[in-house]
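Trainee: Provided herewith: structure32.pdb, PDB, C-alpha atoms (C1' of nucleotides).
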ATOM      1  CA  MET D 942      10.058  -0.492   5.781
ATOM      2  CA  SER D 943      11.814   2.361   7.461
ATOM      3  CA  ASP D 944      11.535   1.917  11.167
ATOM      4  CA  ARG D 945      13.698   4.919  11.704
ATOM      5  CA  PHE D 946      11.209   6.975  13.631
ATOM      6  CA  ALA D 947       8.861   6.241  16.449
ATOM      7  CA  HIS D 948       6.173   3.731  15.800
ATOM      8  CA  GLU D 949       5.826   3.379  19.505
ATOM      9  CA  ALA D 950       2.969   5.761  19.993
ATOM     10  CA  CYS D 951       1.284   5.406  16.636
ATOM     11  CA  PRO D 952      -1.079   2.480  16.169
ATOM     12  CA  LEU D 953      -2.026   3.955  12.855
ATOM     13  CA  THR D 954       1.238   3.044  11.271
ATOM     14  CA  GLU D 955       0.774  -0.438  12.600
ATOM     15  CA  VAL D 956      -2.508  -0.871  10.764
ATOM     16  CA  LEU D 957      -1.148   0.634   7.656
ATOM     17  CA  ASP D 958       1.803  -1.674   7.495
ATOM     18  CA  ARG D 959      -0.482  -4.618   7.854
ATOM     19  CA  VAL D 960      -3.156  -3.586   5.457
ATOM     20  CA  ALA D 961      -0.986  -1.566   3.101
ATOM     21  CA  GLY D 962      -0.292  -4.198   0.482
ATOM     22  CA  LYS D 963      -2.465  -4.546  -2.528
ATOM     23  CA  TRP D 964      -3.353  -8.115  -1.656
ATOM     24  CA  SER D 965      -3.533  -8.524   2.114
ATOM     25  CA  ILE D 966      -7.142  -7.468   2.394
ATOM     26  CA  GLY D 967      -8.143  -9.629  -0.516
ATOM     27  CA  ILE D 968      -6.577 -12.652   1.084
ATOM     28  CA  ILE D 969      -8.278 -12.004   4.388
ATOM     29  CA  VAL D 970     -11.643 -11.601   2.760
ATOM     30  CA  ALA D 971     -11.126 -14.739   0.704
ATOM     31  CA  ALA D 972     -10.178 -16.760   3.747
ATOM     32  CA  ALA D 973     -12.978 -15.397   5.880
ATOM     33  CA  GLN D 974     -15.507 -17.976   4.675
ATOM     34  CA  GLY D 975     -13.406 -20.799   5.989
ATOM     35  CA  PRO D 976     -10.152 -22.674   5.449
ATOM     36  CA  ILE D 977      -8.933 -22.201   1.921
ATOM     37  CA  ARG D 978      -6.196 -23.826  -0.106
ATOM     38  CA  PHE D 979      -3.336 -22.216  -1.968
ATOM     39  CA  THR D 980      -4.701 -22.822  -5.422
ATOM     40  CA  GLU D 981      -8.156 -21.726  -4.418
ATOM     41  CA  LEU D 982      -6.724 -18.451  -3.257
ATOM     42  CA  GLU D 983      -4.800 -18.096  -6.476
ATOM     43  CA  ARG D 984      -7.997 -18.609  -8.416
ATOM     44  CA  THR D 985     -10.215 -16.485  -6.208
ATOM     45  CA  ILE D 986      -8.016 -13.433  -6.070
ATOM     46  CA  ALA D 987      -7.549 -13.337  -9.821
ATOM     47  CA  GLY D 988      -4.658 -11.188 -10.813
ATOM     48  CA  ILE D 989      -2.304 -12.117  -8.040
ATOM     49  CA  SER D 990       0.882 -13.862  -9.018
ATOM     50  CA  ARG D 991       2.073 -16.995  -7.319
ATOM     51  CA  ARG D 992       4.986 -15.106  -5.921
ATOM     52  CA  MET D 993       2.940 -12.321  -4.382
ATOM     53  CA  LEU D 994       0.436 -14.764  -2.994
ATOM     54  CA  THR D 995       3.174 -16.653  -1.212
ATOM     55  CA  LEU D 996       4.817 -13.519   0.095
ATOM     56  CA  ASN D 997       1.602 -12.104   1.465
ATOM     57  CA  LEU D 998       0.562 -15.409   2.933
ATOM     58  CA  ARG D 999       3.829 -15.581   4.827
ATOM     59  CA  ARG D1000       3.526 -12.075   6.091
ATOM     60  CA  LEU D1001      -0.001 -12.600   7.326
ATOM     61  CA  GLU D1002       0.998 -15.838   8.958
ATOM     62  CA  ARG D1003       3.910 -14.112  10.610
ATOM     63  CA  ASP D1004       1.623 -11.422  11.987
ATOM     64  CA  GLY D1005      -0.630 -14.034  13.509
ATOM     65  CA  LEU D1006      -3.523 -13.382  11.163
ATOM     66  CA  LEU D1007      -3.399 -16.650   9.280
ATOM     67  CA  VAL D1008      -2.843 -20.210  10.371
ATOM     68  CA  ARG D1009      -1.177 -22.482   7.884
ATOM     69  CA  THR D1010      -2.077 -26.134   8.188
ATOM     70  CA  VAL D1011      -0.148 -28.724   6.232
ATOM     71  CA  TYR D1012      -1.667 -32.134   5.573
ATOM     72  CA  PRO D1013       1.183 -34.552   4.942
ATOM     73  CA  THR D1014      -0.541 -36.273   2.070
ATOM     74  CA  VAL D1015       0.429 -36.921  -1.514
ATOM     75  CA  PRO D1016      -0.124 -34.623  -3.223
ATOM     76  CA  PRO D1017       0.374 -32.122  -0.444
ATOM     77  CA  LYS D1018      -2.530 -30.127   0.862
ATOM     78  CA  VAL D1019      -2.216 -26.846   2.706
ATOM     79  CA  GLU D1020      -5.019 -24.857   4.183
ATOM     80  CA  TYR D1021      -5.054 -21.288   5.377
ATOM     81  CA  SER D1022      -7.553 -20.037   7.890
ATOM     82  CA  LEU D1023      -8.086 -16.825   9.792
ATOM     83  CA  THR D1024      -7.269 -16.526  13.437
ATOM     84  CA  PRO D1025      -9.930 -14.998  15.706
ATOM     85  CA  MET D1026      -7.989 -11.765  15.587
ATOM     86  CA  ALA D1027      -8.135 -11.775  11.804
ATOM     87  CA  HIS D1028     -11.848 -12.482  11.847
ATOM     88  CA  GLU D1029     -12.286  -9.348  13.860
ATOM     89  CA  LEU D1030     -10.266  -7.487  11.296
ATOM     90  CA  HIS D1031     -12.419  -8.907   8.560
ATOM     91  CA  ALA D1032     -15.526  -7.553  10.238
ATOM     92  CA  THR D1033     -14.003  -4.099  10.275
ATOM     93  CA  LEU D1034     -12.874  -4.468   6.712
ATOM     94  CA  SER D1035     -16.438  -5.146   5.683
ATOM     95  CA  GLY D1036     -17.243  -1.602   6.669
ATOM     96  CA  LEU D1037     -14.542  -0.454   4.309
ATOM     97  CA  VAL D1038     -15.948  -2.512   1.484
ATOM     98  CA  GLY D1039     -19.377  -1.118   2.198
ATOM     99  CA  TRP D1040     -18.029   2.387   1.983
ATOM    100  CA  ALA D1041     -16.434   1.615  -1.345
ATOM    101  CA  GLU D1042     -19.672   0.228  -2.706
ATOM    102  CA  ARG D1043     -21.598   3.304  -1.676
ATOM    103  CA  HIS D1044     -19.157   5.789  -3.131
ATOM    104  CA  ARG D1045     -17.621   4.091  -6.088
ATOM    105  CA  ALA D1046     -19.664   6.085  -8.563
ATOM    106  CA  ALA D1047     -18.937   9.353  -6.818
ATOM    107  CA  ILE D1048     -15.219   8.648  -6.880
ATOM    108  CA  THR D1049     -15.223   7.796 -10.541
ATOM    109  CA  GLU D1050     -17.106  10.987 -11.238
ATOM    110  CA  ALA D1051     -14.752  13.074  -9.123
ATOM    111  CA  ARG D1052     -11.812  11.675 -11.028
ATOM    112  CA  ALA D1053     -13.295  12.473 -14.372
ATOM    113  CA  ARG D1054     -14.074  15.999 -13.228
ATOM    114  CA  TYR D1055     -10.577  16.493 -11.882
ATOM    115  CA  ASP D1056      -8.926  15.157 -14.991
ATOM    116  CA  GLU D1057     -10.993  17.390 -17.169
ATOM    117  CA  ALA D1058     -10.225  20.450 -15.042
ATOM    118  CA  VAL D1059      -6.522  19.710 -15.220
ATOM    119  CA  GLY D1060      -6.592  19.147 -18.923
ATOM    120  CA  GLY D1061      -8.743  22.148 -19.692
ATOM    121  CA  GLY D1062      -6.775  24.778 -17.865
ATOM    122  CA  VAL D1063      -5.350  25.972 -14.581
ATOM    123  CA  GLY D1064      -6.782  26.269 -11.126
ATOM    124  CA  VAL D1065      -7.924  22.922  -9.900
ATOM    125  CA  GLY D1066      -8.651  23.742  -6.310
ATOM    126  CA  THR D1067     -11.063  26.091  -4.668
ATOM    127  CA  THR D1068      -9.983  29.646  -4.214
ATOM    128  CA  ALA D1069     -11.095  31.253  -0.995
ATOM    129  CA  PRO D1070     -12.473  34.849  -1.053
TER     130      PRO D1070
ATOM    131  CA  MET F 803      -4.474  -5.096 -14.287
ATOM    132  CA  SER F 804      -7.185  -6.789 -12.272
ATOM    133  CA  ASP F 805     -10.010  -5.538 -14.388
ATOM    134  CA  ARG F 806     -11.541  -8.929 -14.323
ATOM    135  CA  PHE F 807     -11.830  -8.740 -10.586
ATOM    136  CA  ALA F 808     -13.427  -5.337 -10.776
ATOM    137  CA  HIS F 809     -15.967  -6.530 -13.286
ATOM    138  CA  GLU F 810     -17.012  -9.315 -10.990
ATOM    139  CA  ALA F 811     -18.757  -6.744  -8.831
ATOM    140  CA  CYS F 812     -15.802  -6.463  -6.543
ATOM    141  CA  PRO F 813     -15.490  -3.065  -4.907
ATOM    142  CA  LEU F 814     -12.633  -4.519  -2.957
ATOM    143  CA  THR F 815     -10.096  -3.511  -5.540
ATOM    144  CA  GLU F 816     -11.506  -0.037  -5.443
ATOM    145  CA  VAL F 817     -10.906   0.291  -1.726
ATOM    146  CA  LEU F 818      -7.514  -1.233  -1.966
ATOM    147  CA  ASP F 819      -6.317   1.147  -4.607
ATOM    148  CA  ARG F 820      -7.444   4.036  -2.487
ATOM    149  CA  VAL F 821      -6.202   2.809   0.822
ATOM    150  CA  ALA F 822      -3.228   0.837  -0.385
ATOM    151  CA  GLY F 823      -0.674   3.568  -0.083
ATOM    152  CA  LYS F 824       1.368   3.910   3.011
ATOM    153  CA  TRP F 825       0.226   7.487   3.568
ATOM    154  CA  SER F 826      -3.359   7.924   2.366
ATOM    155  CA  ILE F 827      -4.960   6.805   5.586
ATOM    156  CA  GLY F 828      -2.581   8.883   7.651
ATOM    157  CA  ILE F 829      -3.507  11.961   5.699
ATOM    158  CA  ILE F 830      -7.205  11.316   6.052
ATOM    159  CA  VAL F 831      -6.927  10.816   9.775
ATOM    160  CA  ALA F 832      -4.803  13.926  10.122
ATOM    161  CA  ALA F 833      -7.286  15.997   8.181
ATOM    162  CA  ALA F 834     -10.301  14.608   9.977
ATOM    163  CA  GLN F 835     -10.120  17.086  12.845
ATOM    164  CA  GLY F 836     -10.555  19.981  10.484
ATOM    165  CA  PRO F 837      -8.844  21.917   7.707
ATOM    166  CA  ILE F 838      -5.127  21.429   7.845
ATOM    167  CA  ARG F 839      -2.221  23.102   6.108
ATOM    168  CA  PHE F 840       0.520  21.535   4.068
ATOM    169  CA  THR F 841       3.265  22.076   6.604
ATOM    170  CA  GLU F 842       1.068  20.883   9.431
ATOM    171  CA  LEU F 843       0.499  17.666   7.580
ATOM    172  CA  GLU F 844       4.192  17.332   6.930
ATOM    173  CA  ARG F 845       4.862  17.723  10.627
ATOM    174  CA  THR F 846       1.993  15.567  11.829
ATOM    175  CA  ILE F 847       2.686  12.589   9.634
ATOM    176  CA  ALA F 848       6.339  12.388  10.564
ATOM    177  CA  GLY F 849       8.339  10.388   8.113
ATOM    178  CA  ILE F 850       6.575  11.438   4.952
ATOM    179  CA  SER F 851       8.644  13.263   2.393
ATOM    180  CA  ARG F 852       7.477  16.446   0.777
ATOM    181  CA  ARG F 853       7.185  14.662  -2.492
ATOM    182  CA  MET F 854       5.025  11.826  -1.228
ATOM    183  CA  LEU F 855       2.817  14.196   0.687
ATOM    184  CA  THR F 856       2.153  16.202  -2.449
ATOM    185  CA  LEU F 857       1.544  13.117  -4.542
ATOM    186  CA  ASN F 858      -0.908  11.621  -2.093
ATOM    187  CA  LEU F 859      -2.655  14.916  -1.556
ATOM    188  CA  ARG F 860      -3.236  15.202  -5.282
ATOM    189  CA  ARG F 861      -4.520  11.685  -5.558
ATOM    190  CA  LEU F 862      -6.947  12.122  -2.696
ATOM    191  CA  GLU F 863      -8.114  15.402  -4.138
ATOM    192  CA  ARG F 864      -8.608  13.751  -7.493
ATOM    193  CA  ASP F 865     -10.695  11.002  -5.936
ATOM    194  CA  GLY F 866     -12.930  13.566  -4.308
ATOM    195  CA  LEU F 867     -11.790  12.849  -0.785
ATOM    196  CA  LEU F 868      -9.998  16.095  -0.132
ATOM    197  CA  VAL F 869     -10.801  19.687  -0.950
ATOM    198  CA  ARG F 870      -7.875  21.991  -1.529
ATOM    199  CA  THR F 871      -8.477  25.615  -0.683
ATOM    200  CA  VAL F 872      -5.959  28.243  -1.680
ATOM    201  CA  TYR F 873      -5.879  31.590   0.110
ATOM    202  CA  PRO F 874      -4.257  34.085  -2.243
ATOM    203  CA  THR F 875      -2.216  35.726   0.461
ATOM    204  CA  VAL F 876       1.477  36.357   0.894
ATOM    205  CA  PRO F 877       2.894  34.040   1.974
ATOM    206  CA  PRO F 878       0.481  31.569   0.391
ATOM    207  CA  LYS F 879      -1.797  29.502   2.543
ATOM    208  CA  VAL F 880      -3.392  26.251   1.482
ATOM    209  CA  GLU F 881      -5.802  24.200   3.497
ATOM    210  CA  TYR F 882      -6.945  20.661   2.950
ATOM    211  CA  SER F 883     -10.207  19.387   4.317
ATOM    212  CA  LEU F 884     -12.167  16.185   4.028
ATOM    213  CA  THR F 885     -15.260  15.917   1.919
ATOM    214  CA  PRO F 886     -18.364  14.357   3.509
ATOM    215  CA  MET F 887     -17.528  11.143   1.700
ATOM    216  CA  ALA F 888     -14.068  11.140   3.245
ATOM    217  CA  HIS F 889     -15.478  11.786   6.680
ATOM    218  CA  GLU F 890     -17.506   8.655   6.284
ATOM    219  CA  LEU F 891     -14.370   6.822   5.323
ATOM    220  CA  HIS F 892     -12.635   8.205   8.368
ATOM    221  CA  ALA F 893     -15.350   6.840  10.607
ATOM    222  CA  THR F 894     -14.812   3.390   9.143
ATOM    223  CA  LEU F 895     -11.083   3.767   9.442
ATOM    224  CA  SER F 896     -11.479   4.436  13.135
ATOM    225  CA  GLY F 897     -12.666   0.882  13.502
ATOM    226  CA  LEU F 898      -9.461  -0.217  11.877
ATOM    227  CA  VAL F 899      -7.375   1.842  14.232
ATOM    228  CA  GLY F 900      -9.304   0.439  17.153
ATOM    229  CA  TRP F 901      -8.564  -3.057  15.965
ATOM    230  CA  ALA F 902      -4.888  -2.232  15.727
ATOM    231  CA  GLU F 903      -4.817  -0.834  19.225
ATOM    232  CA  ARG F 904      -6.481  -3.910  20.643
ATOM    233  CA  HIS F 905      -4.190  -6.386  18.904
ATOM    234  CA  ARG F 906      -0.910  -4.629  18.574
ATOM    235  CA  ALA F 907       0.690  -6.574  21.370
ATOM    236  CA  ALA F 908      -0.592  -9.877  20.030
ATOM    237  CA  ILE F 909       0.804  -9.129  16.609
ATOM    238  CA  THR F 910       4.194  -8.191  17.928
ATOM    239  CA  GLU F 911       4.242 -11.372  19.918
ATOM    240  CA  ALA F 912       3.187 -13.463  16.940
ATOM    241  CA  ARG F 913       5.982 -11.997  14.898
ATOM    242  CA  ALA F 914       8.580 -12.706  17.491
ATOM    243  CA  ARG F 915       7.357 -16.271  17.799
ATOM    244  CA  TYR F 916       7.361 -16.764  14.053
ATOM    245  CA  ASP F 917      10.806 -15.311  13.593
ATOM    246  CA  GLU F 918      12.213 -17.494  16.276
ATOM    247  CA  ALA F 919      10.624 -20.581  14.820
ATOM    248  CA  VAL F 920      12.031 -19.772  11.400
ATOM    249  CA  GLY F 921      15.397 -19.165  12.914
ATOM    250  CA  GLY F 922      16.450 -15.592  13.213
ATOM    251  CA  GLY F 923      13.923 -14.012  10.907
ATOM    252  CA  VAL F 924      15.601 -14.734   7.617
ATOM    253  CA  GLY F 925      13.626 -15.699   4.586
ATOM    254  CA  VAL F 926      10.235 -14.149   5.155
ATOM    255  CA  GLY F 927       9.060 -10.609   4.805
ATOM    256  CA  THR F 928      11.558  -9.792   7.440
ATOM    257  CA  THR F 929      13.501  -6.649   7.059
ATOM    258  CA  ALA F 930      16.899  -8.225   7.211
ATOM    259  CA  PRO F 931      19.598  -5.659   8.059
TER     260      PRO F 931
ATOM    261  C1'  DC J1009      -0.343 -29.418  -5.105
ATOM    262  C1'  DA J1010       2.255 -25.970  -3.046
ATOM    263  C1'  DG J1011       5.491 -23.656  -3.232
ATOM    264  C1'  DT J1012      10.929 -21.613  -4.727
ATOM    265  C1'  DA J1013      14.163 -19.383  -7.605
ATOM    266  C1'  DT J1014      15.143 -16.070 -10.969
ATOM    267  C1'  DC J1015      14.794 -12.287 -14.138
ATOM    268  C1'  DC J1016      13.136  -7.802 -14.912
ATOM    269  C1'  DC J1017      10.372  -3.759 -15.091
ATOM    270  C1'  DA J1018       7.176  -0.395 -12.602
ATOM    271  C1'  DT J1019       6.244   2.225  -8.868
ATOM    272  C1'  DC J1020       7.352   4.112  -4.369
ATOM    273  C1'  DT J1021      10.254   6.632  -1.532
ATOM    274  C1'  DG J1022      13.655   9.776   0.322
ATOM    275  C1'  DA J1023      16.977  13.651  -0.064
ATOM    276  C1'  DT J1024      17.957  17.666  -1.983
ATOM    277  C1'  DA J1025      17.768  21.843  -4.758
ATOM    278  C1'  DC J1026      14.949  25.307  -6.726
ATOM    279  C1'  DT J1027      10.649  28.593  -7.434
ATOM    280  C1'  DG J1028       6.233  31.548  -7.290
TER     281       DG J1028
ATOM    282  C1'  DC Z1297       4.575  28.779   2.688
ATOM    283  C1'  DA Z1298       3.650  25.436  -0.583
ATOM    284  C1'  DG Z1299       4.977  23.366  -3.623
ATOM    285  C1'  DT Z1300       7.895  21.413  -8.302
ATOM    286  C1'  DA Z1301      12.066  19.100 -10.406
ATOM    287  C1'  DT Z1302      15.373  15.683 -10.465
ATOM    288  C1'  DC Z1303      18.061  11.831  -9.215
ATOM    289  C1'  DA Z1304      18.985   7.406  -7.288
ATOM    290  C1'  DG Z1305      17.999   3.552  -4.500
ATOM    291  C1'  DA Z1306      14.551   0.290  -2.398
ATOM    292  C1'  DT Z1307      10.574  -2.326  -2.856
ATOM    293  C1'  DG Z1308       6.542  -4.235  -5.172
ATOM    294  C1'  DG Z1309       4.885  -6.977  -8.542
ATOM    295  C1'  DG Z1310       4.431 -10.170 -12.880
ATOM    296  C1'  DA Z1311       5.935 -14.188 -15.569
ATOM    297  C1'  DT Z1312       7.616 -18.483 -15.611
ATOM    298  C1'  DA Z1313      10.628 -22.463 -15.081
ATOM    299  C1'  DC Z1314      11.712 -25.667 -11.639
ATOM    300  C1'  DT Z1315      11.240 -28.813  -7.227
ATOM    301  C1'  DG Z1316       9.761 -31.668  -2.922
TER     302       DG Z1316
END
Please, can you express the file's structure as structure tokens?
Mentor:
Amino acid sequence: MSDRFAHEACPLTEVLDRVAGKWSIGIIVAAAQGPIRFTELERTIAGISRRMLTLNLRRLERDGLLVRTVYPTVPPKVEYSLTPMAHELHATLSGLVGWAERHRAAITEARARYDEAVGGGVGVGTTAP
Amino acid sequence: MSDRFAHEACPLTEVLDRVAGKWSIGIIVAAAQGPIRFTELERTIAGISRRMLTLNLRRLERDGLLVRTVYPTVPPKVEYSLTPMAHELHATLSGLVGWAERHRAAITEARARYDEAVGGGVGVGTTAP
DNA sequence: CAGTATCCCATCTGATACTG
DNA sequence: CAGTATCAGATGGGATACTG
């Protein structure tokens, strides 16, 4: 990511960078119930590739949101669990999920309307008097 | 893509797709105070290119989160404002920003610790120069 | 089981030039 | 002012074969 300009005063960018990915939130939600293993995550998040799962796991661990615990057994067992900080984040995220649930239909409808307006002619936006 | 996930009553993917971008949230927050013009957004969000601003603006408008109002004056004037639905989203987002403010230091510290443990920050999501 | 390594395409992003 | 057009590079993401 381009760190060229000041992040110093903008906590917003900080959140964004952490939550931006397509998978980060999913992983956090999946791990919120308790320690979860690699394969369980892979199965739960359905659609994520092994590569992306690993990458995101590492990033979240690096940011102090996940704790990776390795059990030196054969076969190996690794568990990921949220840190307290991440649990807090998860609580906030729940609000986001709630919002999505409430407005999903409205969004779908808005999209359809927009697409039809664009396809049917010009002038998508509102024109002020 | 992850249609299976969506079918499983998972609004998560819906949120993600809407919030995933690097800029969407920034735009929503910037527009939350009231109607805002294109150039103001460009200046406020610092770092966004004209192209990305336009693209994100269109997407948010399409999803029914932004209303685009064109004033047929010379020179042209266009204002973007949040819909009620987006204002709700903004309220939720505030929680996210609050979380970031509270834990920013901890995250930075965690990263530093992780990078040192790994040995210089090579090999993870690190932006290696 | 829990990853790595590798190939490859899709999308994102930035810089710049141009227009109504 | 508020975009659109175009190009080129960076990054994200999927598939899969391979390893400790």
Trainee: Report, in Å to a single decimal, how far apart atom CA of Trp825 of chain F and atom C1' of DT1302 of chain Z are.
Mentor: 22.2 Å
Trainee: Once chain F is fitted to chain D on all Cα atoms paired one-to-one in order, how large is the remaining RMSD?
Mentor: 5.6 Å
Trainee: Grab the atom CA of Ile827 of chain F to atom CA of Ile977 of chain D distance for me, in Å with one decimal place.
Mentor: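 We find that atom CA of Ile827 of chain F and atom CA of Ile977 of chain D lie 29.5 Å from each other.
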Trainee: Around (6.8, 32.4, 3.2) in the file's own coordinates, what residues are found within 9 Å if you use only C-alpha atoms (C1' of nucleotides), given back as a list in words?
Mentor: Val876, Pro877 and Pro878 of chain F; DC1297 and DA1298 of chain Z
Trainee: Run through the PyMOL selection byres ((chain J and resi 1010) around 7) on the given coordinates and return the selected residues as a PyMOL selection string.
Mentor: (chain D and resi 979+1017) or (chain J and resi 1009+1011)
Trainee: As a check of understanding, name the residues that the PyMOL selection byres ((chain J and resi 1027) around 12) selects in the supplied structure, as a compact mmCIF listing (two decimals) with C-alpha atoms (C1' of nucleotides), keeping the file's coordinate frame.
Mentor:
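Saved as result-v5.txt:
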# COMPACT_ATOMS: atom_id res chain seq x y z
C1' DA J 1025 17.77 21.84 -4.76
C1' DC J 1026 14.95 25.31 -6.73
C1' DG J 1028 6.23 31.55 -7.29
C1' DC Z 1297 4.58 28.78 2.69
C1' DA Z 1298 3.65 25.44 -0.58
C1' DG Z 1299 4.98 23.37 -3.62
C1' DT Z 1300 7.90 21.41 -8.30
C1' DA Z 1301 12.07 19.10 -10.41
Trainee: Starting from chain J, keep only residues with some atom at most 9 Å from an atom of chain F, counting all atoms listed in the file, and report them as a compact mmCIF listing (two decimals) with C-alpha atoms (C1' of nucleotides), keeping the file's coordinate frame.
Mentor:
# COMPACT_ATOMS: atom_id res chain seq x y z
C1' DC J 1020 7.35 4.11 -4.37
C1' DT J 1021 10.25 6.63 -1.53
C1' DG J 1022 13.66 9.78 0.32
C1' DA J 1023 16.98 13.65 -0.06
Trainee: Specify as a ChimeraX atom specification each residue included when the PyMOL selection byres ((chain F) within 8 of (chain D)) is applied to this file.
Mentor: /F:803-804,806-807,813-814,816-819,821-824,827-828,848-849,864-866,869-874,887,890-891,894-895,897-899,901-903,905-906,908-910,912-913,916-917,926-927,929
Trainee: If we count only C-alpha atoms (C1' of nucleotides), which residues of chain Z reach to within 10 Å of chain D? Please list them as a PDB file with C-alpha atoms (C1' of nucleotides), in the coordinates of the input.
Mentor:
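Saved file part_14.pdb follows:
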ATOM      1  C1'  DA Z1306      14.551   0.290  -2.398  1.00  0.00           C
ATOM      2  C1'  DT Z1307      10.574  -2.326  -2.856  1.00  0.00           C
ATOM      3  C1'  DG Z1308       6.542  -4.235  -5.172  1.00  0.00           C
ATOM      4  C1'  DG Z1309       4.885  -6.977  -8.542  1.00  0.00           C
ATOM      5  C1'  DG Z1310       4.431 -10.170 -12.880  1.00  0.00           C
ATOM      6  C1'  DA Z1311       5.935 -14.188 -15.569  1.00  0.00           C
ATOM      7  C1'  DG Z1316       9.761 -31.668  -2.922  1.00  0.00           C
TER       8       DG Z1316
END
Trainee: Just how far from atom CA of Arg984 of chain D is atom CA of Leu1007 of chain D, in Å to one decimal?
Mentor: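 Atom-to-atom, atom CA of Leu1007 of chain D and atom CA of Arg984 of chain D are spaced 18.4 Å apart.
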Trainee: Got a sec: who's within 12 Å of DA1013 of chain J, counting all atoms listed in the file, leaving out chain neighbours fewer than 2 positions off, as a PyMOL selection string?
Mentor: (chain D and resi 992) or (chain J and resi 1011+1015) or (chain Z and resi 1312-1315)
Trainee: Write a file of the just-selected residues containing C-alpha atoms (C1' of nucleotides), as a compact mmCIF listing (two decimals), keeping the file's coordinate frame.
Mentor:
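Result file is selection.txt:
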# COMPACT_ATOMS: atom_id res chain seq x y z
CA ARG D 992 4.99 -15.11 -5.92
C1' DG J 1011 5.49 -23.66 -3.23
C1' DC J 1015 14.79 -12.29 -14.14
C1' DT Z 1312 7.62 -18.48 -15.61
C1' DA Z 1313 10.63 -22.46 -15.08
C1' DC Z 1314 11.71 -25.67 -11.64
C1' DT Z 1315 11.24 -28.81 -7.23
Trainee: Once 8 Å is added on each side, what centre and edge lengths in Å to one decimal does the axis-aligned box around all listed atoms of segment 850-861 of chain F have, as JSON?
Mentor:
{"center_x": 2.1, "center_y": 13.9, "center_z": -0.3, "size_x": 29.2, "size_y": 21.0, "size_z": 26.5}
Trainee: Since the input lacks atoms, please generate N, CA and C atoms for segment 999-1014 of chain D and provide them as a PDB file, in the coordinates of the input.
Mentor:
ATOM      1  N   ARG D 999       2.812 -15.480   3.783  1.00  0.00           N
ATOM      2  CA  ARG D 999       3.829 -15.581   4.827  1.00  0.00           C
ATOM      3  C   ARG D 999       3.774 -14.419   5.795  1.00  0.00           C
ATOM      4  N   ARG D1000       3.555 -13.258   5.236  1.00  0.00           N
ATOM      5  CA  ARG D1000       3.526 -12.075   6.091  1.00  0.00           C
ATOM      6  C   ARG D1000       2.330 -12.108   7.038  1.00  0.00           C
ATOM      7  N   LEU D1001       1.197 -12.532   6.496  1.00  0.00           N
ATOM      8  CA  LEU D1001      -0.001 -12.600   7.326  1.00  0.00           C
ATOM      9  C   LEU D1001       0.126 -13.691   8.379  1.00  0.00           C
ATOM     10  N   GLU D1002       0.791 -14.757   7.994  1.00  0.00           N
ATOM     11  CA  GLU D1002       0.998 -15.838   8.958  1.00  0.00           C
ATOM     12  C   GLU D1002       1.922 -15.330  10.065  1.00  0.00           C
ATOM     13  N   ARG D1003       2.934 -14.642   9.656  1.00  0.00           N
ATOM     14  CA  ARG D1003       3.910 -14.112  10.610  1.00  0.00           C
ATOM     15  C   ARG D1003       3.245 -13.170  11.614  1.00  0.00           C
ATOM     16  N   ASP D1004       2.298 -12.377  11.118  1.00  0.00           N
ATOM     17  CA  ASP D1004       1.623 -11.422  11.987  1.00  0.00           C
ATOM     18  C   ASP D1004       0.520 -12.060  12.838  1.00  0.00           C
ATOM     19  N   GLY D1005       0.365 -13.353  12.696  1.00  0.00           N
ATOM     20  CA  GLY D1005      -0.630 -14.034  13.509  1.00  0.00           C
ATOM     21  C   GLY D1005      -2.045 -13.842  13.007  1.00  0.00           C
ATOM     22  N   LEU D1006      -2.190 -13.570  11.728  1.00  0.00           N
ATOM     23  CA  LEU D1006      -3.523 -13.382  11.163  1.00  0.00           C
ATOM     24  C   LEU D1006      -4.007 -14.634  10.434  1.00  0.00           C
ATOM     25  N   LEU D1007      -3.053 -15.415   9.975  1.00  0.00           N
ATOM     26  CA  LEU D1007      -3.399 -16.650   9.280  1.00  0.00           C
ATOM     27  C   LEU D1007      -2.746 -17.845   9.965  1.00  0.00           C
ATOM     28  N   VAL D1008      -3.435 -18.961   9.894  1.00  0.00           N
ATOM     29  CA  VAL D1008      -2.843 -20.210  10.371  1.00  0.00           C
ATOM     30  C   VAL D1008      -2.667 -21.109   9.161  1.00  0.00           C
ATOM     31  N   ARG D1009      -1.493 -21.625   9.020  1.00  0.00           N
ATOM     32  CA  ARG D1009      -1.177 -22.482   7.884  1.00  0.00           C
ATOM     33  C   ARG D1009      -1.145 -23.933   8.359  1.00  0.00           C
ATOM     34  N   THR D1010      -2.008 -24.734   7.783  1.00  0.00           N
ATOM     35  CA  THR D1010      -2.077 -26.134   8.188  1.00  0.00           C
ATOM     36  C   THR D1010      -1.663 -27.036   7.035  1.00  0.00           C
ATOM     37  N   VAL D1011      -0.646 -27.827   7.274  1.00  0.00           N
ATOM     38  CA  VAL D1011      -0.148 -28.724   6.232  1.00  0.00           C
ATOM     39  C   VAL D1011      -0.630 -30.147   6.489  1.00  0.00           C
ATOM     40  N   TYR D1012      -1.252 -30.740   5.477  1.00  0.00           N
ATOM     41  CA  TYR D1012      -1.667 -32.134   5.573  1.00  0.00           C
ATOM     42  C   TYR D1012      -0.632 -32.957   4.825  1.00  0.00           C
ATOM     43  N   PRO D1013       0.085 -33.785   5.543  1.00  0.00           N
ATOM     44  CA  PRO D1013       1.183 -34.552   4.942  1.00  0.00           C
ATOM     45  C   PRO D1013       0.680 -35.675   4.043  1.00  0.00           C
ATOM     46  N   THR D1014      -0.023 -35.287   3.015  1.00  0.00           N
ATOM     47  CA  THR D1014      -0.541 -36.273   2.070  1.00  0.00           C
ATOM     48  C   THR D1014       0.198 -36.144   0.751  1.00  0.00           C
TER      49      THR D1014
END
